[in-house]
Each structure stands twice: as structure tokens, then as C-alpha cells.
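S.K.: I am sharing input_22.txt, which consists of compact mmCIF, C-alpha atoms:
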# COMPACT_ATOMS: atom_id res chain seq x y z
CA MET A 736 0.00 0.00 0.00
CA LYS A 737 1.55 3.30 -1.10
CA LYS A 738 0.71 6.80 0.11
CA ILE A 739 0.36 9.62 -2.37
CA ALA A 740 3.03 12.30 -1.95
CA LEU A 741 4.00 11.06 1.48
CA ILE A 742 6.63 8.62 2.68
CA PHE A 743 5.01 5.90 4.72
CA VAL A 744 6.39 5.70 8.25
CA LEU A 745 5.01 3.03 10.55
CA LEU A 746 4.54 4.02 14.16
CA SER A 747 5.18 1.08 16.46
CA SER A 748 2.87 0.54 19.40
CA VAL A 749 1.93 -2.22 21.80
CA LEU A 750 -1.65 -3.25 21.01
CA PHE A 751 -3.96 -5.71 22.68
CA GLU A 752 -5.51 -8.28 20.38
CA LEU A 753 -9.30 -8.39 20.36
CA THR A 754 -11.23 -11.52 19.61
CA ALA A 755 -13.37 -11.10 16.52
CA GLN A 756 -17.07 -11.30 17.30
CA ASP A 757 -20.12 -11.82 15.17
CA ARG A 758 -20.87 -8.12 14.97
CA LEU A 759 -20.03 -5.08 12.87
CA PRO A 760 -16.29 -4.56 13.44
CA ASP A 761 -14.50 -1.33 14.22
CA LEU A 762 -12.93 -0.45 10.87
CA LYS A 763 -11.00 2.46 12.35
CA ARG A 764 -9.31 0.10 14.80
CA TYR A 765 -8.63 -2.32 11.95
CA PHE A 766 -6.92 0.53 10.08
CA MET A 767 -4.84 1.36 13.16
CA LEU A 768 -3.76 -2.24 13.71
CA ALA A 769 -3.06 -2.89 10.05
CA ASN A 770 -0.83 0.18 9.81
CA GLU A 771 0.69 -0.19 13.30
CA LEU A 772 -0.43 3.30 14.26
CA LYS A 773 -1.03 4.81 17.67
CA SER A 774 -4.27 6.46 16.60
CA PRO A 775 -6.97 5.47 14.11
CA ILE A 776 -7.57 9.06 13.04
CA TRP A 777 -6.50 9.52 9.42
CA ASP A 778 -7.21 12.38 7.02
CA PHE A 779 -7.75 10.59 3.72
CA SER A 780 -8.31 13.92 1.94
CA LYS A 781 -4.68 14.81 2.65
CA VAL A 782 -3.15 11.34 2.58
CA PRO A 783 -5.10 8.91 0.40
CA LEU A 784 -3.70 5.47 -0.37
CA LEU A 785 -2.95 3.44 -3.47
CA GLY A 786 -3.22 -0.32 -3.68
CA ASP A 787 -0.14 -2.17 -4.87
CA ASP A 788 -2.12 -4.06 -7.51
CA PRO A 789 -3.59 -1.59 -10.07
CA ALA A 790 -6.56 -3.83 -10.87
CA ASP A 791 -7.45 -4.28 -7.21
CA ASN A 792 -6.96 -0.57 -6.58
CA ALA A 793 -9.46 0.19 -9.33
CA LYS A 794 -11.92 -2.38 -7.95
CA PHE A 795 -11.90 -1.31 -4.32
CA SER A 796 -11.24 2.44 -4.52
CA ASN A 797 -14.37 3.48 -6.36
CA LEU A 798 -17.10 3.38 -3.73
CA THR A 799 -17.02 7.06 -2.73
CA GLY A 800 -14.84 10.15 -2.74
CA ASN A 801 -11.95 10.09 -5.20
CA LEU A 802 -12.74 7.01 -7.24
CA ASN A 803 -9.09 6.35 -8.06
CA VAL A 804 -7.61 6.09 -4.58
CA ILE A 805 -8.35 4.37 -1.28
CA ASP A 806 -9.84 7.18 0.80
CA SER A 807 -12.11 5.63 3.41
CA TYR A 808 -11.80 3.09 6.20
CA LEU A 809 -14.20 0.78 4.37
CA GLU A 810 -12.25 0.88 1.11
CA PHE A 811 -9.06 0.20 3.06
CA ALA A 812 -10.65 -2.82 4.77
CA LEU A 813 -11.96 -4.16 1.48
CA ILE A 814 -8.70 -3.94 -0.46
CA THR A 815 -6.48 -5.24 2.33
CA TYR A 816 -8.76 -8.17 3.11
CA TYR A 817 -9.60 -9.18 -0.45
CA SER A 818 -6.41 -8.32 -2.36
CA ALA A 819 -3.53 -10.81 -2.19
CA ALA A 820 -1.13 -7.93 -2.77
CA GLU A 821 -2.09 -6.37 0.57
CA LYS A 822 -1.84 -9.52 2.72
CA PRO A 823 0.66 -8.04 5.26
CA TRP A 824 -1.88 -5.38 6.24
CA ALA A 825 -4.66 -7.95 6.60
CA GLU A 826 -2.41 -10.13 8.76
CA ARG A 827 -1.75 -7.25 11.17
CA GLY A 828 -5.49 -6.54 11.38
CA ASN A 829 -6.36 -10.23 11.75
CA SER A 830 -7.86 -9.81 15.24
CA ILE A 831 -10.54 -7.53 13.78
CA LEU A 832 -11.13 -9.19 10.39
CA PRO A 833 -9.94 -12.80 10.89
CA LEU A 834 -8.40 -14.30 7.78
CA ASN A 835 -9.43 -17.79 8.86
CA ASN A 836 -13.13 -16.89 9.02
CA PRO A 837 -14.12 -15.60 5.57
CA ARG A 838 -17.80 -16.34 6.16
CA LEU A 839 -17.86 -13.99 9.14
CA VAL A 840 -15.87 -11.24 7.43
CA ASP A 841 -17.94 -11.45 4.25
CA ARG A 842 -21.03 -10.85 6.39
CA GLN A 843 -19.34 -7.98 8.22
CA LEU A 844 -17.89 -6.12 5.24
CA GLY A 845 -20.96 -6.96 3.20
CA ALA A 846 -23.10 -5.31 5.88
CA TYR A 847 -21.00 -2.14 5.72
CA VAL A 848 -21.33 -2.07 1.94
CA TYR A 849 -25.08 -2.67 2.23
CA LYS A 850 -25.29 0.24 4.70
CA GLY A 851 -23.68 2.49 2.09
CA LEU A 852 -26.06 1.17 -0.57
CA LEU A 853 -29.08 2.13 1.55
CA GLU A 854 -27.64 5.55 2.38
CA TYR A 855 -26.82 6.54 -1.17
CA ARG A 856 -30.06 5.13 -2.50
CA PHE A 857 -32.00 7.28 -0.03
CA LEU A 858 -29.88 10.35 -0.81
CA GLY A 859 -30.58 9.89 -4.52
CA ASP A 860 -27.00 9.18 -5.60
CA THR A 861 -27.76 6.32 -7.95
CA ALA A 862 -24.17 6.08 -9.22
CA ALA A 863 -22.72 5.57 -5.73
CA ALA A 864 -25.56 3.18 -4.83
CA GLY A 865 -24.79 1.18 -7.98
CA ARG A 866 -21.12 0.93 -7.10
CA HIS A 867 -22.02 -0.37 -3.65
CA ASP A 868 -24.41 -2.88 -5.23
CA THR A 869 -21.60 -4.12 -7.47
CA MET A 870 -19.26 -4.49 -4.49
CA LEU A 871 -21.90 -6.39 -2.55
CA LYS A 872 -22.28 -8.76 -5.51
CA PHE A 873 -18.51 -9.30 -5.53
CA ILE A 874 -18.63 -10.30 -1.86
CA THR A 875 -21.61 -12.64 -2.17
CA ASP A 876 -20.23 -14.18 -5.38
CA ARG A 877 -17.33 -15.50 -3.30
CA GLY A 878 -19.79 -18.13 -2.14
CA ASN A 879 -19.48 -17.75 1.63
CA VAL A 880 -22.71 -15.83 2.26
CA THR A 881 -25.89 -14.94 0.44
CA ARG A 882 -27.22 -11.43 0.05
CA ALA A 883 -30.13 -12.34 2.32
CA GLU A 884 -27.65 -13.36 5.03
CA VAL A 885 -25.78 -10.08 4.66
CA GLU A 886 -28.98 -8.08 4.96
CA THR A 887 -30.08 -10.05 8.03
CA PHE A 888 -26.67 -9.56 9.64
CA TYR A 889 -26.96 -5.82 8.93
CA ARG A 890 -30.41 -5.55 10.50
CA ASN A 891 -29.29 -7.52 13.56
CA ASN A 892 -26.26 -5.31 14.17
CA ILE A 893 -27.07 -1.81 12.96
CA ARG A 894 -28.44 -0.64 16.33
CA SER A 895 -25.17 -1.46 18.08
CA LEU A 896 -23.21 0.49 15.47
CA ILE A 897 -25.56 3.45 15.85
CA GLY A 898 -25.35 3.19 19.63
CA GLU A 899 -21.56 3.41 19.46
CA ALA A 900 -21.73 6.49 17.20
CA VAL A 901 -24.23 8.23 19.50
CA ASP A 902 -22.35 7.32 22.68
CA GLU A 903 -19.06 8.54 21.23
CA GLU A 904 -20.36 12.00 20.32
CA PHE A 905 -22.72 12.55 23.25
CA ASN A 906 -20.04 11.67 25.80
CA LYS A 907 -17.54 14.39 24.96
CA ILE A 908 -17.28 18.16 25.04
CA SER A 909 -14.71 20.60 23.67
CA PHE A 910 -13.74 23.86 25.37
CA ARG A 911 -10.85 26.16 26.19
CA ILE A 912 -8.79 26.03 29.35
CA ALA A 913 -6.25 28.71 30.20
CA ARG A 914 -3.52 27.73 27.78
CA HIS A 915 -4.94 24.91 25.71
CA ASN A 916 -7.74 23.72 23.48
CA ALA A 917 -9.26 20.76 25.27
CA THR A 918 -11.70 17.88 24.78
CA LEU A 919 -13.12 15.96 27.71
CA THR A 920 -14.38 12.45 26.95
CA ARG A 921 -16.36 10.20 29.28
CA ASN A 922 -16.53 6.44 28.87
CA PRO A 923 -20.16 5.48 29.62
CA GLN A 924 -19.15 1.86 30.26
CA ASN A 925 -16.66 2.39 33.09
CA GLY A 926 -16.92 6.08 34.03
CA GLU A 927 -13.36 6.89 32.96
CA TYR A 928 -12.61 10.49 31.91
CA VAL A 929 -9.93 11.44 29.40
CA LEU A 930 -8.81 15.05 28.95
CA SER A 931 -7.06 15.64 25.62
CA TYR A 932 -5.45 19.03 25.17
CA GLY A 933 -2.85 20.91 23.19
CA GLY A 934 -2.04 23.91 21.05
CA VAL A 935 0.67 26.51 20.83
CA ASN A 936 1.80 25.92 24.41
CA THR A 937 2.44 22.23 23.74
CA ASN A 938 4.04 22.81 20.32
CA GLU A 939 0.84 21.35 18.84
CA GLU A 940 1.42 18.07 20.66
CA ILE A 941 -1.81 16.48 21.88
CA ARG A 942 -1.43 15.35 25.48
CA THR A 943 -3.82 13.33 27.60
CA VAL A 944 -4.67 12.95 31.27
CA LYS A 945 -6.91 10.10 32.46
CA GLY A 946 -8.85 9.28 35.58
CA ASP A 947 -11.18 6.46 36.60
CA SER A 948 -13.60 9.16 37.80
CA LEU A 949 -13.87 12.92 37.61
CA ASP A 950 -12.23 13.21 41.03
CA ALA A 951 -9.41 10.92 39.88
CA LEU A 952 -8.93 13.07 36.79
CA SER A 953 -8.70 16.20 38.93
CA TYR A 954 -6.15 14.51 41.16
CA GLU A 955 -4.04 13.56 38.14
CA MET A 956 -4.22 17.12 36.79
CA ARG A 957 -2.98 18.44 40.15
CA ASN A 958 -0.32 15.84 40.84
CA GLY A 959 0.55 13.95 37.65
CA LYS A 960 3.50 14.32 35.34
CA ASN A 961 1.71 17.03 33.33
CA LYS A 962 0.65 19.11 36.33
CA ALA A 963 2.64 22.12 35.07
CA ASP A 964 0.27 22.35 32.10
CA PHE A 965 -2.68 23.35 34.31
CA THR A 966 -3.71 26.24 36.52
CA PRO A 967 -6.04 25.85 39.53
CA ALA A 968 -8.77 27.49 37.48
CA ASP A 969 -8.39 24.77 34.84
CA LEU A 970 -9.48 22.14 37.35
CA ASP A 971 -12.66 24.10 38.08
CA THR A 972 -13.32 24.57 34.36
CA VAL A 973 -13.03 20.85 33.69
CA LYS A 974 -15.51 20.04 36.47
CA VAL A 975 -18.00 22.58 35.11
CA GLN A 976 -17.63 21.27 31.57
CA ALA A 977 -18.01 17.66 32.71
CA ALA A 978 -21.54 18.43 33.88
CA ARG A 979 -22.33 19.87 30.44
CA ILE A 980 -21.41 16.71 28.52
CA PRO A 981 -24.68 15.94 26.68
CA ALA A 982 -24.89 12.33 27.86
CA VAL A 983 -24.40 13.51 31.45
CA ALA A 984 -27.06 16.22 31.18
CA LEU A 985 -29.66 14.36 29.09
CA SER A 986 -31.68 11.46 30.48
CA ASP A 987 -31.05 7.87 29.49
CA ALA A 988 -34.47 7.88 27.83
CA ALA A 989 -33.41 10.74 25.55
CA LEU A 990 -30.32 8.89 24.35
CA SER A 991 -32.29 5.66 23.92
CA ASP A 992 -34.88 7.43 21.78
CA ILE A 993 -32.18 8.98 19.58
CA LYS A 994 -30.70 5.52 18.98
CA THR A 995 -34.13 4.08 18.23
CA ILE A 996 -35.02 6.84 15.76
CA LEU A 997 -31.74 6.40 13.89
CA THR A 998 -32.06 2.62 13.94
CA ASN A 999 -35.57 2.86 12.45
CA PHE A 1000 -34.20 4.99 9.63
CA TYR A 1001 -31.24 2.74 8.96
CA THR A 1002 -33.47 -0.34 9.02
CA ASN A 1003 -36.07 1.15 6.68
CA PRO A 1004 -34.97 4.45 5.08
CA ASN A 1005 -38.05 6.33 3.89
CA VAL A 1006 -39.67 9.74 4.17
CA THR A 1007 -41.32 9.00 7.52
CA THR A 1008 -38.28 7.56 9.26
CA TYR A 1009 -36.11 10.36 7.84
CA ASN A 1010 -38.54 13.02 9.07
CA ALA A 1011 -38.10 11.68 12.60
CA VAL A 1012 -34.31 11.93 12.19
CA LYS A 1013 -34.63 15.51 10.93
CA GLU A 1014 -37.09 16.54 13.64
CA VAL A 1015 -34.71 15.59 16.46
CA TYR A 1016 -32.51 18.41 15.19
CA VAL A 1017 -35.50 20.76 14.98
CA LEU A 1018 -36.60 19.84 18.50
CA PHE A 1019 -33.19 20.60 20.01
CA VAL A 1020 -33.05 23.95 18.20
CA ASN A 1021 -36.55 24.92 19.33
CA THR A 1022 -35.92 23.82 22.92
CA ARG A 1023 -32.67 25.77 23.05
CA PHE A 1024 -34.53 28.95 22.13
CA SER A 1025 -37.56 28.32 24.35
CA THR A 1026 -35.58 27.42 27.47
CA GLY A 1027 -32.32 29.29 26.95
CA LYS A 1028 -30.43 26.19 28.12
CA ALA A 1029 -27.10 25.65 26.38
CA VAL A 1030 -27.31 21.89 26.91
CA TYR A 1031 -29.66 21.61 23.94
CA GLU A 1032 -27.21 23.40 21.65
CA LEU A 1033 -24.47 21.05 22.82
CA ALA A 1034 -26.79 18.08 22.29
CA ASN A 1035 -27.56 19.25 18.77
CA ARG A 1036 -23.86 19.52 17.94
CA ALA A 1037 -23.34 16.01 19.25
CA TYR A 1038 -26.33 14.80 17.23
CA ILE A 1039 -25.05 16.23 13.96
CA ASP A 1040 -21.58 14.85 14.68
CA ALA A 1041 -23.11 11.41 15.30
CA LEU A 1042 -24.99 11.66 11.98
CA ALA A 1043 -21.79 12.69 10.22
CA GLY A 1044 -19.99 9.73 11.78
CA LEU A 1045 -22.59 7.45 10.26
CA HIS A 1046 -22.70 9.26 6.91
CA SER A 1047 -21.63 12.81 6.14
CA GLY A 1048 -24.26 13.14 3.41
CA LEU A 1049 -27.06 12.38 5.87
CA ALA A 1050 -25.81 15.07 8.24
CA ARG A 1051 -25.63 17.60 5.39
CA LYS A 1052 -29.16 16.72 4.27
CA VAL A 1053 -30.57 17.26 7.77
CA LEU A 1054 -28.87 20.66 7.99
CA ASP A 1055 -29.77 21.69 4.44
CA ASP A 1056 -33.42 20.65 4.78
CA ASN A 1057 -33.76 22.73 7.93
CA VAL A 1058 -32.15 25.76 6.30
CA ARG A 1059 -34.28 25.62 3.15
CA THR A 1060 -37.65 25.19 4.84
CA GLN A 1061 -39.42 26.44 7.94
CA ALA A 1062 -38.97 23.24 9.90
CA ALA A 1063 -41.95 21.85 11.77
CA ILE A 1064 -42.39 18.77 13.94
CA THR A 1065 -45.05 16.49 12.51
CA THR A 1066 -43.65 12.97 12.96
CA LEU A 1067 -42.32 12.85 16.52
CA THR A 1068 -45.08 12.23 19.04
CA ARG A 1069 -45.51 14.51 22.04
CA GLU A 1070 -44.26 11.69 24.27
CA GLN A 1071 -41.14 11.28 22.13
CA GLN A 1072 -40.47 15.00 22.25
CA GLN A 1073 -40.74 15.01 26.03
CA ARG A 1074 -38.31 12.11 26.35
CA LEU A 1075 -35.81 13.57 23.88
CA VAL A 1076 -35.43 16.82 25.82
CA GLY A 1077 -35.60 15.21 29.26
CA LEU A 1078 -32.77 16.06 31.65
CA ARG A 1079 -31.38 14.10 34.56
CA ASP A 1080 -32.58 15.12 38.01
Will you turn the file into C-alpha cells for me?
M.R.:
Amino acid sequence: MKKIALIFVLLSSVLFELTAQDRLPDLKRYFMLANELKSPIWDFSKVPLLGDDPADNAKFSNLTGNLNVIDSYLEFALITYYSAAEKPWAERGNSILPLNNPRLVDRQLGAYVYKGLLEYRFLGDTAAAGRHDTMLKFITDRGNVTRAEVETFYRNNIRSLIGEAVDEEFNKISFRIARHNATLTRNPQNGEYVLSYGGVNTNEEIRTVKGDSLDALSYEMRNGKNKADFTPADLDTVKVQAARIPAVALSDAALSDIKTILTNFYTNPNVTTYNAVKEVYVLFVNTRFSTGKAVYELANRAYIDALAGLHSGLARKVLDDNVRTQAAITTLTREQQQRLVGLRD
């Protein structure tokens, strides 16, 4: 795999192997493992990839974006798993996409391709939908799974993928502390907090401080190896911002309803299910203005970011549709609206 206009440098890191499960895999983590990187974040617009085999590059690079280069996590997974020329990458990512279980991986990657097919079909991009349909046929023609099995696997697992996207965006908040740009992330599974920060005062290096709880994070900021990076006021700011994390402020019922609304759309994309997706945005905007509470603006940002994480075109459509028309709520029931804006006691 060759980078365009950039020398490829592998960053070594110690990584724990994860057992592959019968679920939609984390393609960002696969990318990180396959490339031996410390972070899965990659800007494909600046550093796209080229497959070593020209024919395979042409086959697997044409789903979206620049149709001549590998410029998405899905395209990377497809070419490295299915192209013999990229076997070293697939071997390093074997714990995510196991080479000895092609039936499982064909279901998994097929489900991701099917997700793209549904998205582009709904958005009216027939060319992109057709390319996804062709890729899905390539996967099922391998003989390990049928299209019906791929679609069933997708329906059985799409809620968990959506839940991960919602949890990721609703459990973080970005703000400014005295000398740094900062992002505070909360792990809803174990309560761990991670403060990532950096900027001019760190020579653009991104540093992190972790704590098993908010109190543990504060202790580490005061006493840890990076304590010189923080002022006493920074500790107070982080505590204030922690309470404003959308998933901390909103009720569990609100987050559950968001996941259900998105799952309904991704299971059966149509005008009605899309209207519910769009009206969540409208509801947060309206509630922000009617109550004056900033939590609803933060929740709306998290919501759009979650949509963008699932598909950037869907997020753009929600924003564009609300700009072009005087948005009204006609699909969400009153009970749904009450749950979606509910706050914790």
C-alpha cells in the first residue's frame, strides 16, 4: 500500500488483540492495527492510499470520494482483506477481520457495503448506490454468504453500530482552558474520563490525562506528570464542563430514543423515518430557544456529529433541509419530544 506524496512511516505501538465477534467490526481500529499506528484518526483527503495491484486498486477504490484512490476506512478494509497484494496489512489486522473466518468477514464487510447502498439510494446518488451494489455482488459471489444473510446480519447489528456512534459524540465536550484547546471524553461503560489538550503551548502536541472518575482526573491534573500544564482554574473549568457533557445532562431515555429513531431509519430508510431523524434536530433547536439552556445546543452539535460519523451526506441533508424550509415537527409524538429533551434530576 503506497501513500500519495508522502513517505510511509510506521509508528510502532503495543496493542492488545481483540477476539473477533459476530458483529459489525471497528474499521477504524482495523486501520490502526493494520498500519501499526497509535491512533486510528486519518485524514484521507490529505493522505489517500494506493493499492499495490492496479486492478485491485481500481476495484476497491471506487465506492465514494476520489474514485481512483483508497480514501475511506471501508475501502481500506476491502482492499487489504480481499487483495492478495495487501496480505501483510490484513495479517496485522487479523484480530478484527480474521483471515481464517471468511464467512464472518464477508457478512461484516458486506453489511457495511449494504449500509452504504441504503444511504446513497436514499440520498438519490444512484451512481454511488450502484457501485455499492456491485461491491456487494462481488462479496456474495465468493460463495461464503448470500445477500439475504448479509442483509439479516446488517439488521441484527445496525443498532449497536448506531449506539456506538451516539455514545461517542454525546459523551464528549470541547472547550478552552487557560492555555490549551481541550476535549473531555467520558466512557459510559466504566466512568473513565480522558482530557485531551494541546495547542501553541504544547508545540501542537496532543497530550492526555486520564482518571477512573472525575475526582481521579482532577487529582491527576494536580499531581501527575503534566501538572505544570494546568492552573487551579483549569481544574474548576473541567468540572464545570463535565456536567455539560450531553450524555451527562440528558436522560437515558433521551439517548435511547435517539438511537431508536436512527435505527428505524437505517433499518427502513423512507420519508417518515427520515422526518423523525430531521425533527430531532429541529426539537433541540426549538428547545434551546424556548428554554435558553445551552445543553440543547451542545446536544444538537453532538447529534449532527453522530450523523456525520454514520454518513456525512445524511448530516448535510438534515442541515440543508432545515435551512431551506421552515422546519416543523409532525412525525415525533408529544411523548417522544418530552423524552428527547428530558434532563437528569
S.K.: So that I can see what lies close to region 862-877 of chain A, please list as number ranges by chain the residues with an atom at most 10 Å from it, counting only C-alpha atoms and leaving out residues fewer than 5 positions away in the same chain.
M.R.: A: 794-795, 797-800, 813, 817, 837-838, 840-842, 844-857, 882-885
S.K.: If we count all atoms listed in the file, what is near region 1037-1041 of chain A at a cut-off of 8 Å, once residues fewer than 3 positions away on the same chain are taken out, given as a list in words?
M.R.: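 These residues fall inside the cut-off: Ala900, Val901, Glu903, Glu904, Phe905, Pro981, Tyr1016, Leu1033, Ala1034, Gly1044, Leu1045 and Ala1050 of chain A.
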S.K.: So how far away is CA of Val1058 (chain A) from CA of Ile893 (chain A), in Å?
M.R.: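 CA of Val1058 (chain A) lies at a distance of 28.8 Å from CA of Ile893 (chain A).
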S.K.: I need the residue nearest Leu802 (chain A) from this list: A:Ile996, A:Leu785, A:Val975, A:Ala988. Use all atoms listed in the file for the distance.
M.R.: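 The shortest atom-to-atom distance to Leu802 (chain A) comes from A:Leu785.
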S.K.: If we count all atoms listed in the file and set the cut-off at 10 Å, which residues sit around Arg914 (chain A), ignoring sequence neighbours fewer than 2 positions away in its own chain? Please answer as a PyMOL selection string.
M.R.: chain A and resi 911-912+916-917+932-937+964-966+969
S.K.: Once you have the residues from the selection above, write them out as a short mmCIF file (atom, residue, chain, number, x, y, z; two decimals), keeping the file's coordinate frame, restricted to C-alpha atoms.
M.R.:
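File produced: part09.cif:
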data_model
loop_
_atom_site.label_atom_id
_atom_site.label_comp_id
_atom_site.auth_asym_id
_atom_site.auth_seq_id
_atom_site.Cartn_x
_atom_site.Cartn_y
_atom_site.Cartn_z
CA ARG A 911 -10.85 26.16 26.19
CA ILE A 912 -8.79 26.03 29.35
CA ASN A 916 -7.74 23.72 23.48
CA ALA A 917 -9.26 20.76 25.27
CA TYR A 932 -5.45 19.03 25.17
CA GLY A 933 -2.85 20.91 23.19
CA GLY A 934 -2.04 23.91 21.05
CA VAL A 935 0.67 26.51 20.83
CA ASN A 936 1.80 25.92 24.41
CA THR A 937 2.44 22.23 23.74
CA ASP A 964 0.27 22.35 32.10
CA PHE A 965 -2.68 23.35 34.31
CA THR A 966 -3.71 26.24 36.52
CA ASP A 969 -8.39 24.77 34.84
#
S.K.: Could you tell me how far CA of Lys763 (chain A) sits from CA of Ile776 (chain A), in Å to one decimal place?
M.R.: 7.5 Å
S.K.: Give the answer as one residue: which of A:Asn1057, A:Thr887, A:Ser780, A:Asn938 has the shortest atom-to-atom distance to Asn801 (chain A), using all atoms listed in the file?
M.R.: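 Residue with the minimum atom-to-atom distance to Asn801 (chain A): A:Ser780.
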S.K.: Go through A:Glu1014, A:Asp757, A:Glu810, A:Asp1080 one by one, measure the shortest atom-to-atom distance of each to Leu1054 (chain A) using all atoms listed in the file, and give the residue with the smallest value.
M.R.: A:Glu1014
S.K.: Which residues, written as a PyMOL selection string, have at least one atom at most 6 Å from Gly898 (chain A), with all atoms listed in the file counted and residues fewer than 4 positions away on the same chain left out?
M.R.: chain A and resi 894+902+994
S.K.: Convert the current residue selection to file output with C-alpha atoms, as an mmCIF file, in the coordinates of the input.
M.R.:
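Wrote out_21.cif, looks like this:
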data_model
loop_
_atom_site.group_PDB
_atom_site.id
_atom_site.type_symbol
_atom_site.label_atom_id
_atom_site.label_comp_id
_atom_site.auth_asym_id
_atom_site.auth_seq_id
_atom_site.Cartn_x
_atom_site.Cartn_y
_atom_site.Cartn_z
ATOM 1 C CA ARG A 894 -28.440 -0.640 16.330
ATOM 2 C CA ASP A 902 -22.350 7.320 22.680
ATOM 3 C CA LYS A 994 -30.700 5.520 18.980
#
